[in-house]
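Here is the file query-v3.txt (compact mmCIF, C-alpha atoms).
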```txt
# COMPACT_ATOMS: atom_id res chain seq x y z
CA MET A 17 48.98 22.80 -11.81
CA ASN A 18 47.57 20.42 -9.21
CA ILE A 19 48.16 22.11 -5.87
CA GLY A 20 48.25 19.58 -3.06
CA LYS A 21 49.22 16.67 -5.30
CA MET A 22 52.23 15.26 -7.12
CA ASN A 23 52.92 16.84 -10.51
CA ARG A 24 55.03 15.60 -13.40
CA CYS A 25 56.93 18.66 -14.62
CA LYS A 26 59.63 19.58 -17.10
CA ALA A 27 62.58 21.77 -16.10
CA VAL A 28 62.59 24.65 -18.59
CA ARG A 29 64.83 27.31 -17.09
CA LEU A 30 67.60 27.73 -14.53
CA THR A 31 67.61 30.79 -12.29
CA ALA A 32 69.65 31.95 -9.32
CA TYR A 33 66.87 30.67 -7.05
CA GLY A 34 66.39 27.23 -8.58
CA LEU A 35 64.83 25.43 -11.51
CA VAL A 36 61.70 26.77 -13.16
CA LEU A 37 59.38 23.86 -13.92
CA GLN A 38 56.56 23.69 -16.42
CA THR A 39 53.48 21.71 -15.44
CA GLU A 40 51.34 19.66 -17.79
CA GLY A 41 49.03 22.68 -17.97
CA ASP A 42 51.94 24.86 -19.18
CA GLN A 43 52.10 26.78 -15.91
CA GLU A 44 55.42 27.60 -14.30
CA VAL A 45 56.51 26.91 -10.73
CA LEU A 46 59.86 27.24 -8.95
CA LEU A 47 61.76 24.32 -7.50
CA PRO A 48 64.14 26.00 -5.00
CA ASN A 49 67.86 25.22 -5.17
CA LYS A 50 67.80 23.16 -1.96
CA TYR A 51 65.59 20.58 -3.71
CA CYS A 52 67.60 20.47 -6.94
CA THR A 53 69.80 17.40 -7.09
CA GLY A 54 72.91 17.08 -9.24
CA GLY A 55 71.08 15.08 -11.87
CA MET A 56 68.49 17.77 -12.56
CA ARG A 57 69.00 20.06 -15.55
CA VAL A 58 66.98 21.93 -18.15
CA GLY A 59 64.96 19.35 -20.03
CA SER A 60 64.73 16.94 -17.07
CA MET A 61 61.35 15.52 -16.06
CA VAL A 62 60.78 15.93 -12.33
CA ASP A 63 58.06 14.65 -9.97
CA VAL A 64 57.24 17.32 -7.38
CA PHE A 65 54.61 18.20 -4.81
CA ILE A 66 53.17 21.70 -5.26
CA TYR A 67 51.80 23.86 -2.47
CA LYS A 68 51.82 27.54 -1.52
CA ASP A 69 54.66 29.10 0.49
CA SER A 70 54.38 31.61 3.32
CA GLU A 71 54.05 34.42 0.76
CA ASP A 72 51.12 32.64 -0.92
CA ARG A 73 53.12 31.70 -4.03
CA PRO A 74 52.99 28.22 -5.61
CA VAL A 75 56.24 26.39 -4.94
CA ALA A 76 57.49 22.90 -5.75
CA THR A 77 59.31 20.45 -3.52
CA THR A 78 60.73 16.97 -3.94
CA LEU A 79 59.66 16.21 -0.36
CA THR A 80 56.55 14.05 0.02
CA PRO A 81 54.03 15.16 2.69
CA LEU A 82 52.35 12.68 5.00
CA ALA A 83 49.08 13.24 3.14
CA MET A 84 47.84 15.01 0.03
CA VAL A 85 44.52 16.55 -1.00
CA ASP A 86 41.51 14.37 -0.12
CA GLU A 87 43.66 12.04 2.01
CA TYR A 88 43.58 11.42 5.77
CA ALA A 89 46.57 11.60 8.10
CA ALA A 90 47.34 11.40 11.81
CA LEU A 91 49.45 14.51 12.46
CA GLN A 92 51.10 16.10 15.48
CA VAL A 93 50.25 19.64 16.55
CA LYS A 94 53.23 22.01 16.57
CA GLU A 95 51.56 25.30 17.46
CA VAL A 96 48.14 26.62 18.46
CA ASN A 97 46.77 30.15 18.43
CA HIS A 98 43.30 31.68 18.63
CA THR A 99 42.59 31.16 14.92
CA ALA A 100 44.25 27.86 14.03
CA ALA A 101 46.44 24.93 14.93
CA PHE A 102 49.51 24.17 12.84
CA LEU A 103 50.39 20.57 12.08
CA ASP A 104 53.62 18.82 11.14
CA TRP A 105 52.95 17.09 7.82
CA GLY A 106 56.53 16.59 6.65
CA LEU A 107 57.10 19.90 4.83
CA GLU A 108 58.88 23.07 5.92
CA LYS A 109 55.63 25.02 6.03
CA ASP A 110 53.24 23.55 8.60
CA LEU A 111 49.69 22.64 7.64
CA MET A 112 46.98 24.91 9.00
CA LEU A 113 43.95 23.45 10.80
CA PRO A 114 41.57 26.43 11.18
CA PHE A 115 39.71 26.78 14.46
CA ARG A 116 36.39 26.47 12.63
CA GLU A 117 37.50 23.06 11.29
CA GLN A 118 38.44 21.64 14.72
CA THR A 119 36.28 19.20 16.68
CA MET A 120 38.40 18.88 19.85
CA GLU A 121 40.72 20.91 22.01
CA LEU A 122 44.25 20.82 20.65
CA ARG A 123 47.57 21.68 22.23
CA PRO A 124 51.20 21.49 21.06
CA GLY A 125 52.37 17.88 21.07
CA SER A 126 48.91 16.35 20.77
CA TRP A 127 47.80 14.25 17.80
CA CYS A 128 44.75 14.45 15.59
CA VAL A 129 43.39 12.85 12.45
CA VAL A 130 42.55 15.25 9.64
CA ARG A 131 41.57 15.29 5.99
CA ILE A 132 43.55 17.56 3.66
CA TYR A 133 41.54 19.88 1.42
CA LEU A 134 42.13 22.72 -1.01
CA ASP A 135 40.25 25.84 -0.01
CA LYS A 136 38.47 27.00 -3.16
CA ALA A 137 38.39 30.65 -2.14
CA SER A 138 42.09 31.06 -1.35
CA ASN A 139 43.51 28.08 -3.30
CA ARG A 140 45.46 27.19 -0.15
CA LEU A 141 45.88 23.81 1.48
CA ALA A 142 44.35 23.28 4.89
CA ALA A 143 43.15 20.50 7.18
CA THR A 144 39.79 19.66 8.69
CA GLN A 145 38.53 17.37 11.42
CA LYS A 146 34.97 17.81 10.19
CA PHE A 147 35.12 15.06 7.58
CA LYS A 148 32.24 12.82 8.69
CA PRO A 149 29.96 13.90 5.77
CA LEU A 150 32.70 12.64 3.40
CA ILE A 151 32.99 9.15 4.89
CA ASP A 152 31.79 6.40 2.54
CA LEU A 153 28.70 4.72 4.01
CA ASP A 154 28.70 1.89 1.46
CA THR A 155 30.57 -0.87 3.32
CA SER A 156 29.48 -3.63 0.95
CA TYR A 157 33.08 -3.94 -0.27
CA LEU A 158 34.24 -5.02 3.19
CA ARG A 159 34.17 -8.53 4.64
CA PRO A 160 34.72 -9.82 8.20
CA GLY A 161 38.35 -10.85 8.52
CA ASP A 162 39.64 -8.22 6.06
CA GLU A 163 42.88 -6.57 7.18
CA CYS A 164 42.97 -2.77 7.02
CA GLU A 165 44.76 0.37 8.16
CA VAL A 166 42.95 2.47 10.74
CA LYS A 167 43.50 6.04 11.90
CA PHE A 168 41.58 6.66 15.12
CA TYR A 169 39.97 10.08 15.00
CA GLU A 170 37.44 10.25 17.85
CA LYS A 171 36.77 8.94 21.34
CA HIS A 172 33.37 7.26 21.34
CA GLU A 173 31.15 6.32 24.26
CA HIS A 174 31.85 2.66 23.47
CA GLY A 175 35.47 2.96 22.34
CA PHE A 176 37.22 4.67 19.41
CA LEU A 177 36.14 5.60 15.90
CA GLY A 178 38.68 5.19 13.12
CA ILE A 179 39.06 5.89 9.42
CA VAL A 180 39.34 2.52 7.68
CA ASP A 181 41.66 2.46 4.65
CA GLY A 182 41.10 6.17 4.11
CA ARG A 183 37.47 5.64 3.13
CA TRP A 184 35.13 4.13 5.73
CA SER A 185 34.56 4.51 9.46
CA GLY A 186 34.77 1.72 12.01
CA LEU A 187 34.34 1.33 15.75
CA LEU A 188 36.84 -0.36 18.04
CA PHE A 189 35.13 -1.25 21.31
CA ALA A 190 36.96 -0.24 24.47
CA GLU A 191 37.37 -3.85 25.60
CA ASP A 192 39.23 -4.62 22.34
CA ALA A 193 41.52 -1.59 22.49
CA PRO A 194 45.17 -2.19 23.45
CA ARG A 195 46.73 -0.14 26.21
CA GLY A 196 47.88 3.30 25.07
CA LEU A 197 45.59 3.57 22.07
CA GLY A 198 44.00 6.98 21.64
CA VAL A 199 42.98 9.68 19.19
CA GLY A 200 45.73 9.97 16.59
CA SER A 201 46.82 6.33 16.89
CA VAL A 202 47.40 4.49 13.62
CA GLY A 203 47.66 0.74 13.18
CA ARG A 204 46.67 -2.46 11.44
CA ALA A 205 43.22 -3.80 12.31
CA TRP A 206 40.72 -6.36 11.10
CA ILE A 207 37.03 -6.14 10.27
CA LYS A 208 35.30 -8.02 13.07
CA THR A 209 31.67 -7.64 12.08
CA ILE A 210 29.48 -5.61 9.73
CA SER A 211 25.95 -4.95 10.91
CA PRO A 212 22.91 -5.18 8.59
CA GLU A 213 22.97 -1.36 8.60
CA GLY A 214 26.57 -1.38 7.34
CA LYS A 215 28.25 -0.37 10.60
CA VAL A 216 31.79 -1.72 10.95
CA ARG A 217 33.21 -3.16 14.16
CA LEU A 218 36.99 -3.52 14.38
CA SER A 219 39.49 -5.78 16.09
CA MET A 220 43.19 -5.12 16.64
CA SER A 221 43.91 -8.85 16.41
CA ALA A 222 43.65 -11.12 13.39
CA ILE A 223 40.30 -12.86 13.47
CA GLY A 224 38.46 -15.69 11.80
CA TYR A 225 40.29 -18.06 9.49
CA LYS A 226 43.48 -16.00 9.42
CA ALA A 227 43.76 -15.89 13.20
CA VAL A 228 43.13 -19.61 13.49
CA MET A 229 45.78 -20.40 10.90
CA GLU A 230 48.33 -18.37 12.86
CA GLU A 231 47.96 -21.08 15.54
CA ALA A 232 48.70 -23.86 13.05
CA GLN A 233 52.27 -24.03 14.30
CA VAL A 234 50.89 -25.32 17.63
CA VAL A 235 49.53 -28.40 15.85
CA ILE A 236 52.73 -28.89 13.83
CA ASP A 237 54.88 -28.66 16.96
CA ARG A 238 52.74 -31.21 18.83
CA LEU A 239 52.90 -33.60 15.88
CA GLU A 240 56.69 -33.25 15.81
CA ASP A 241 56.89 -33.98 19.54
CA ALA A 242 54.65 -37.03 19.12
CA GLY A 243 56.77 -38.52 16.34
CA GLY A 244 54.55 -37.31 13.50
CA PHE A 245 51.19 -38.83 14.48
CA LEU A 246 48.38 -38.02 16.90
CA PRO A 247 45.15 -40.03 17.32
CA LEU A 248 42.93 -36.96 16.98
CA HIS A 249 40.68 -35.85 14.11
CA ASP A 250 37.62 -33.72 13.42
CA GLN A 251 35.37 -36.27 15.15
CA SER A 252 37.41 -36.38 18.35
CA ASP A 253 36.01 -35.27 21.70
CA PRO A 254 36.35 -31.47 22.16
CA ASP A 255 37.89 -31.99 25.63
CA ASP A 256 40.61 -34.23 24.18
CA ILE A 257 41.41 -31.62 21.54
CA ARG A 258 41.56 -28.79 24.06
CA LYS A 259 43.74 -30.86 26.40
CA GLU A 260 46.20 -31.69 23.61
CA PHE A 261 46.39 -28.34 21.79
CA GLY A 262 44.67 -25.74 23.95
CA LEU A 263 42.28 -25.10 21.04
CA SER A 264 38.54 -25.29 20.58
CA LYS A 265 37.26 -28.04 18.30
CA LYS A 266 36.12 -25.42 15.78
CA ALA A 267 39.59 -23.85 15.66
CA PHE A 268 41.23 -27.28 15.45
CA LYS A 269 39.09 -28.28 12.47
CA LYS A 270 39.95 -25.08 10.60
CA ILE A 271 43.66 -25.55 11.27
CA VAL A 272 43.65 -29.21 10.25
CA GLY A 273 41.71 -28.38 7.09
CA GLY A 274 44.22 -25.68 6.19
CA LEU A 275 47.22 -27.91 6.85
CA PHE A 276 45.64 -30.70 4.77
CA LYS A 277 45.04 -28.34 1.83
CA ALA A 278 48.62 -27.13 2.13
CA GLY A 279 49.89 -30.71 1.93
CA GLN A 280 51.48 -30.60 5.38
CA ILE A 281 49.41 -33.38 6.97
CA GLU A 282 47.32 -36.34 5.96
CA MET A 283 44.06 -37.28 7.66
CA THR A 284 43.15 -40.88 8.43
CA PRO A 285 40.30 -42.48 10.37
CA GLU A 286 42.81 -43.04 13.18
CA GLY A 287 44.18 -39.49 13.38
CA ILE A 288 46.40 -36.93 11.71
CA ARG A 289 49.90 -37.60 10.38
CA LEU A 290 52.64 -35.13 9.56
CA ILE A 291 53.94 -35.32 6.00
CA ARG A 292 57.71 -35.03 6.20
CA GLU A 293 59.66 -33.58 3.29
CA GLY A 294 61.79 -36.13 1.41
```

Write-out of the structure in structure tokens:
Amino acid sequence: MNIGKMNRCKAVRLTAYGLVLQTEGDQEVLLPNKYCTGGMRVGSMVDVFIYKDSEDRPVATTLTPLAMVDEYAALQVKEVNHTAAFLDWGLEKDLMLPFREQTMELRPGSWCVVRIYLDKASNRLAATQKFKPLIDLDTSYLRPGDECEVKFYEKHEHGFLGIVDGRWSGLLFAEDAPRGLGVGSVGRAWIKTISPEGKVRLSMSAIGYKAVMEEAQVVIDRLEDAGGFLPLHDQSDPDDIRKEFGLSKKAFKKIVGGLFKAGQIEMTPEGIRLIREG
């Protein structure tokens, strides 16, 4: 029985309270009636999430939580007392974030980023904000320009720290942060730079080649307006390029190269020409 994860189980017995399921380890767990659909019957194979109910008994559900064991999630605080905060993670029973596992003051309605863990002593699921020792420091898999998902977990003196793709940590400088971003925010970001020490800097806008290519439509539109040809190329004066397209020469060259490879334009000594379909 994998508490805190999805389990593939077989329905072995029907009771007044629901279906009794057998896990791959031949342990039994109840799937309450409210989660039993019409197609379920003894002998059915069912995918369920297993956790412990308020009476500390393992119970199955067909609901999927916002995060499972060893995963990160940005969750909203529902209740706070002197021992713990309780977070909404998509199940009927809220997820406990013990006071000893908190790194910031929490109040109902606030958001925080946590890692889900299974407490070995009690075999209960809980959350922690003290996950920095578990962050992967090997950023050699990342490259500038890579798109990623980021969950921002901490306000930093220079901006915000975020969990990158549930594995690494990255810094978004304050000057790059959009209005309204804060702890608990989740969004798409891009790797801006990686320092020699492996530290990751983030951007909330597409950067590098991808960002430049998103402006390719500017060149296409100007070619259309000019009848399909413009007397500009990669050797043209930077001021002429900026005046025509509002782009730097470096950006223009990347765009033109991409459009050429895509077969959308041809390049001649006189300029660039739009290749029209048909």

Subject >> Proximity to Phe276 in chain A - best of A:Leu263, A:Asp192, A:Leu122, A:Ile236, all atoms listed in the file >> reply: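 Selected residue with least distance to Phe276 in chain A: A:Ile236.
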
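Distances to Asp69 in chain A were evaluated for A:Ser156, A:Thr39, A:Ser219, A:Asn139 using only C-alpha atoms, and the minimum falls at A:Asn139.
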
List the spatial neighbours of Leu275 in chain A as a PDB file with C-alpha atoms, in the coordinates of the input - criterion: any atom at most 12 Å away, all atoms listed in the file, same-chain residues fewer than 6 positions off excluded.
```
ATOM      1  CA  VAL A 228      43.130 -19.610  13.490  1.00  0.00           C
ATOM      2  CA  MET A 229      45.780 -20.400  10.900  1.00  0.00           C
ATOM      3  CA  GLU A 230      48.330 -18.370  12.860  1.00  0.00           C
ATOM      4  CA  GLU A 231      47.960 -21.080  15.540  1.00  0.00           C
ATOM      5  CA  ALA A 232      48.700 -23.860  13.050  1.00  0.00           C
ATOM      6  CA  GLN A 233      52.270 -24.030  14.300  1.00  0.00           C
ATOM      7  CA  VAL A 234      50.890 -25.320  17.630  1.00  0.00           C
ATOM      8  CA  VAL A 235      49.530 -28.400  15.850  1.00  0.00           C
ATOM      9  CA  ILE A 236      52.730 -28.890  13.830  1.00  0.00           C
ATOM     10  CA  PHE A 268      41.230 -27.280  15.450  1.00  0.00           C
ATOM     11  CA  LYS A 269      39.090 -28.280  12.470  1.00  0.00           C
ATOM     12  CA  ILE A 281      49.410 -33.380   6.970  1.00  0.00           C
ATOM     13  CA  GLU A 282      47.320 -36.340   5.960  1.00  0.00           C
ATOM     14  CA  MET A 283      44.060 -37.280   7.660  1.00  0.00           C
ATOM     15  CA  ILE A 288      46.400 -36.930  11.710  1.00  0.00           C
ATOM     16  CA  ARG A 289      49.900 -37.600  10.380  1.00  0.00           C
ATOM     17  CA  LEU A 290      52.640 -35.130   9.560  1.00  0.00           C
ATOM     18  CA  ILE A 291      53.940 -35.320   6.000  1.00  0.00           C
TER      19      ILE A 291
END
```

**OP:** Write out as JSON, numbers by chain which residues come within 7 Å of Leu218 in chain A when counting all atoms listed in the file, dropping same-chain ones fewer than 3 positions away.
**Re:** {"A": [186, 187, 188, 205, 206, 207, 208]}

Original post:
So what do you get for CA of Ala193 in chain A versus CA of Val166 in chain A, distance-wise?
Top reply: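 Straight-line distance from CA of Ala193 in chain A to CA of Val166 in chain A works out to 12.5 Å.
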
5 Å per side around range 148-154 of chain A: axis-aligned box centre and edge lengths, as lines of an AutoDock Vina configuration file:
```
center_x = 30.8
center_y = 7.9
center_z = 5.1
size_x = 14.3
size_y = 22.0
size_z = 17.2
```

**OP:** Would you mind telling me which residue in A:Asp250, A:Asp154, A:Glu117, A:Glu40 lies nearest to Gly273 in chain A when using only C-alpha atoms?
**Re:**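 Among the listed residues, A:Asp250 lies closest to Gly273 in chain A.
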